[in-house]
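Below: the structure, in C-alpha cells.
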Amino acid sequence: MAASTQVRVLDERTPEERDRPFLPGAGKTWLLPFYDAFTRVGGVRALHERAARLAGVEPGQTVADIGCGTGNLSFTVLAVQPTAQVTGLDPDGDALRRAARKARRRGVALTLVQGYADRFPAPDASFDHVVSSLALHHLDADGRSAFAREALRTLRPGGKVTIADFGGPSSNVEDHGHSGHDHSGHDHSAHGRGPAHALRHLPLLGRSRTGHGHAADGDGLVALLSEAGFSDAREVGHADHRFGRVAFVQATRP
Ligand SMILES: C[S@@+](CC[C@H](N)C(=O)[O-])C[C@H]1O[C@@H](n2cnc3c(N)ncnc32)[C@H](O)[C@@H]1O
C-alpha cells in the first residue's frame with residue numbers, strides 16, 4: 001500500500017482472500033456501472049466533502065481510504081489537498097479499475113489496492129490518516145473490529161481516523177447478520193430477492209431500509225474505535241441524508 005506519483009492498481013489479496021465473499025457497493029456486481037450516477041443524484045458528494053474537510057489532511061500526508069469503491073472519497077480528499085498521497089483499499093477489482101480510469105482522466109496520482117478492511121496490506125505507522133465512507137456497514141461486527149485494529153496499527157502516533165457511515169440515535173437500523181453476498185455479486189442469503197431488490201439496494205446505499213449489511217451506528221463506531229485503543233473517539237457530526245442518518249466519527253491514534 002505504498003503511495004506513488006502515478007495511478008496503480010495492485011492485487012494484494014492472499015490466495016485465501018481470492019475466494020472471499022464481500023458485499024459490493026451497489027449490492028450486486030452488475031449494478032456497479034450505475035453506482036456513481038446514483039450516488040451523484042443521491043447527493044452523496046456532500047458527505048464526501050464533509051468527511052474530507054473533517055479529516056483535515058495536510059500537504060504531503062499519507063491517506064488510506066478503506067472501502068474506497070470507485071474512489072469518490074479519495075478524489076474529494078485530493079481535491080481538498082492535492083499533494084496528499086492517497087491509497088484506496090477495496091476487495092472489488094472492477095470498482096478499483098473504474099477508480100483508476102477516473103484518476104487517469106483527472107490526472108491525479110492514486111494507488112488502488114485490492115484487499116479487505118480487516119487486513120490492510122501496509123506496514124505499521126505508515127499513514128497520517130485513515131478515512132472511510134459508507135463502507136463499514138458492508139462489514140460484519142468482527143470485520144469492523146478488525147478494521148479498527150488495522151487502522152490503529154497502520155496510523156502513525158497522532159494520526160487520525162475519519163469515518164462517515166450510516167447510523168446513530170435517529171436511525172432504526174438493526175444488525176441483520178452477514179448477508180452472504182459473494183465476490184461475483186450473487187446473493188446466497190435469505191435477503192436475496194433478485195435484481196429488483198438489488199436495484200432498491202443501490203439508491204438506499206445499503207442497509208437502513210433494505211435490511212442488507214450491518215449496523216454501524218455512530219455510538220457503535222465510537223465504541224469500536226475506543227475499544228481498539230484510539231483516544232478521543234467521538235461523533236463529530238451527522239447528516240440526515242435522504243438515504244438515512246450518516247454519522248461522522250473521528251479518533252486519534254495515541
Ligand atoms: C457503498 S460502497 C462505498 C464506496 C465509497 N467509499 C463511496 O463512498 O462511494 C461500499 C464499498 O465497501 C466495499 N467493501 C465491501 N466489503 C468490504 C471489505 N470487507 N473490506 C473493504 N471494503 C469492502 C465494497 O466493495 C464497496 O466498494
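Labels for the C-alpha cells follow display order: chains A, B, ..., residues from 1 in each chain, ligands from 1.
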task = Set the cut-off to 6 Å, count only C-alpha atoms and all ligand atoms, and list whatever residues fall near ligand 1 as a list of chain:residue names.
result =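 Going residue by residue within 6 Å of ligand 1, we get A:Phe22, A:Leu23, A:Pro24, A:Gly25, A:Ile66, A:Gly67, A:Cys68, A:Gly69, A:Asn72, A:Leu73, A:Asp90, A:Pro91, A:Asp92, A:Tyr116, A:Ala117, A:Ser132, A:Ser133, A:Leu134, A:Ala135, A:His138, A:Leu139, A:Leu205.
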I'd like a table as JSON lines: residues in range 126-177 of chain A with an atom no more than 7 Å from range 246-254 of chain A, each row giving the shortest atom pair and its distance in Å to one decimal, only C-alpha atoms counted, sorted by chain and rising residue number.
{"residue": "A:Leu152", "atom": "CA", "partner": "A:Arg253", "partner_atom": "CA", "distance": 6.1}
{"residue": "A:Leu155", "atom": "CA", "partner": "A:Arg253", "partner_atom": "CA", "distance": 6.7}
{"residue": "A:Pro157", "atom": "CA", "partner": "A:Arg253", "partner_atom": "CA", "distance": 5.3}
{"residue": "A:Gly158", "atom": "CA", "partner": "A:Arg253", "partner_atom": "CA", "distance": 5.2}
{"residue": "A:Gly159", "atom": "CA", "partner": "A:Arg253", "partner_atom": "CA", "distance": 5.4}
{"residue": "A:Lys160", "atom": "CA", "partner": "A:Thr252", "partner_atom": "CA", "distance": 4.5}
{"residue": "A:Val161", "atom": "CA", "partner": "A:Ala251", "partner_atom": "CA", "distance": 5.4}
{"residue": "A:Thr162", "atom": "CA", "partner": "A:Gln250", "partner_atom": "CA", "distance": 4.6}
{"residue": "A:Ile163", "atom": "CA", "partner": "A:Val249", "partner_atom": "CA", "distance": 5.1}
{"residue": "A:Ala164", "atom": "CA", "partner": "A:Phe248", "partner_atom": "CA", "distance": 4.5}
{"residue": "A:Asp165", "atom": "CA", "partner": "A:Val246", "partner_atom": "CA", "distance": 5.2}
{"residue": "A:Phe166", "atom": "CA", "partner": "A:Val246", "partner_atom": "CA", "distance": 4.3}
{"residue": "A:Gly167", "atom": "CA", "partner": "A:Val246", "partner_atom": "CA", "distance": 5.7}
{"residue": "A:Gly168", "atom": "CA", "partner": "A:Ala247", "partner_atom": "CA", "distance": 6.3}
Applying 12 Å and only C-alpha atoms, which residues near Lys102 in chain A remain after dropping the ones on its own chain fewer than 3 positions away? List them as a list in words.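 Close residues of Lys102 in chain A: Val7, Arg8, Asp36, Gly69, Thr70, Gly71, Asn72, Ser74, Phe75, Ala95, Leu96, Arg97, Arg98, Ala99, Arg105, Arg106, Gly107, Val108, Ala109, Leu110 and Leu112 of chain A.
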Checklist line | Minimum-distance residue to Ala64 in chain A, chosen among A:Glu235, A:Asp128, A:Glu227, A:Asp140 (using only C-alpha atoms) | finding: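 Using only C-alpha atoms, the shortest distance to Ala64 in chain A belongs to A:Asp128.
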Pick out the residues sitting within 8 Å of Val57 in chain A, and hand them over as a list in words; count only C-alpha atoms, and ignore anything fewer than 4 positions along from it in its own chain.
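Counting only C-alpha atoms, the residues come to Ala52, Arg53, Gln61, Val63, Val77, Gln81, Ala84 and His129 of chain A.
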Closest of A:Lys28, A:Arg13, A:Arg50, A:Arg153 to Leu89 in chain A, counting only C-alpha atoms, is A:Arg13
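For the choices A:Val80, A:Ala100, A:Ala141, A:Ala151, the atom-to-atom distance to Leu54 in chain A is smallest for A:Val80 when using only C-alpha atoms.
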Mind listing the strand (DSSP E or B) residues of range 92-169 of chain A, per DSSP on the backbone, as JSON, numbers by chain?
{"A": [110, 111, 112, 113, 114, 127, 128, 129, 130, 131, 132, 133, 155, 156, 157, 158, 159, 160, 161, 162, 163, 164, 165, 166]}
Take the residues from that selection and write them out as a PDB file, in the first residue's frame, keeping C-alpha atoms.
ATOM      1  CA  LEU A 110      -3.726   7.370  -6.775  1.00  0.00           C
ATOM      2  CA  THR A 111      -2.718   3.928  -5.551  1.00  0.00           C
ATOM      3  CA  LEU A 112      -5.535   1.371  -5.529  1.00  0.00           C
ATOM      4  CA  VAL A 113      -5.132  -1.873  -3.652  1.00  0.00           C
ATOM      5  CA  GLN A 114      -7.387  -4.905  -3.896  1.00  0.00           C
ATOM      6  CA  PHE A 127      -0.461   6.569   7.308  1.00  0.00           C
ATOM      7  CA  ASP A 128      -1.265  10.009   8.649  1.00  0.00           C
ATOM      8  CA  HIS A 129      -4.976   9.438   8.006  1.00  0.00           C
ATOM      9  CA  VAL A 130      -7.389   6.564   7.591  1.00  0.00           C
ATOM     10  CA  VAL A 131     -10.702   7.612   6.035  1.00  0.00           C
ATOM     11  CA  SER A 132     -13.753   5.566   5.101  1.00  0.00           C
ATOM     12  CA  SER A 133     -17.176   6.447   3.741  1.00  0.00           C
ATOM     13  CA  LEU A 155      -1.646   5.026  11.631  1.00  0.00           C
ATOM     14  CA  ARG A 156       1.365   6.866  12.960  1.00  0.00           C
ATOM     15  CA  PRO A 157       1.067   8.222  16.518  1.00  0.00           C
ATOM     16  CA  GLY A 158      -1.101  11.335  16.280  1.00  0.00           C
ATOM     17  CA  GLY A 159      -2.699  10.046  13.072  1.00  0.00           C
ATOM     18  CA  LYS A 160      -6.427  10.393  12.621  1.00  0.00           C
ATOM     19  CA  VAL A 161      -9.257   8.108  11.526  1.00  0.00           C
ATOM     20  CA  THR A 162     -12.358   9.728   9.994  1.00  0.00           C
ATOM     21  CA  ILE A 163     -15.438   7.627   9.240  1.00  0.00           C
ATOM     22  CA  ALA A 164     -18.732   8.591   7.584  1.00  0.00           C
ATOM     23  CA  ASP A 165     -21.318   5.830   7.768  1.00  0.00           C
ATOM     24  CA  PHE A 166     -24.976   5.114   8.337  1.00  0.00           C
TER      25      PHE A 166
END
As a check of understanding: the span from CA of Pro82 in chain A to CA of Glu58 in chain A is 9.5 Å
The distance between CA of Gly42 in chain A and CA of Gly237 in chain A is 19.6 Å
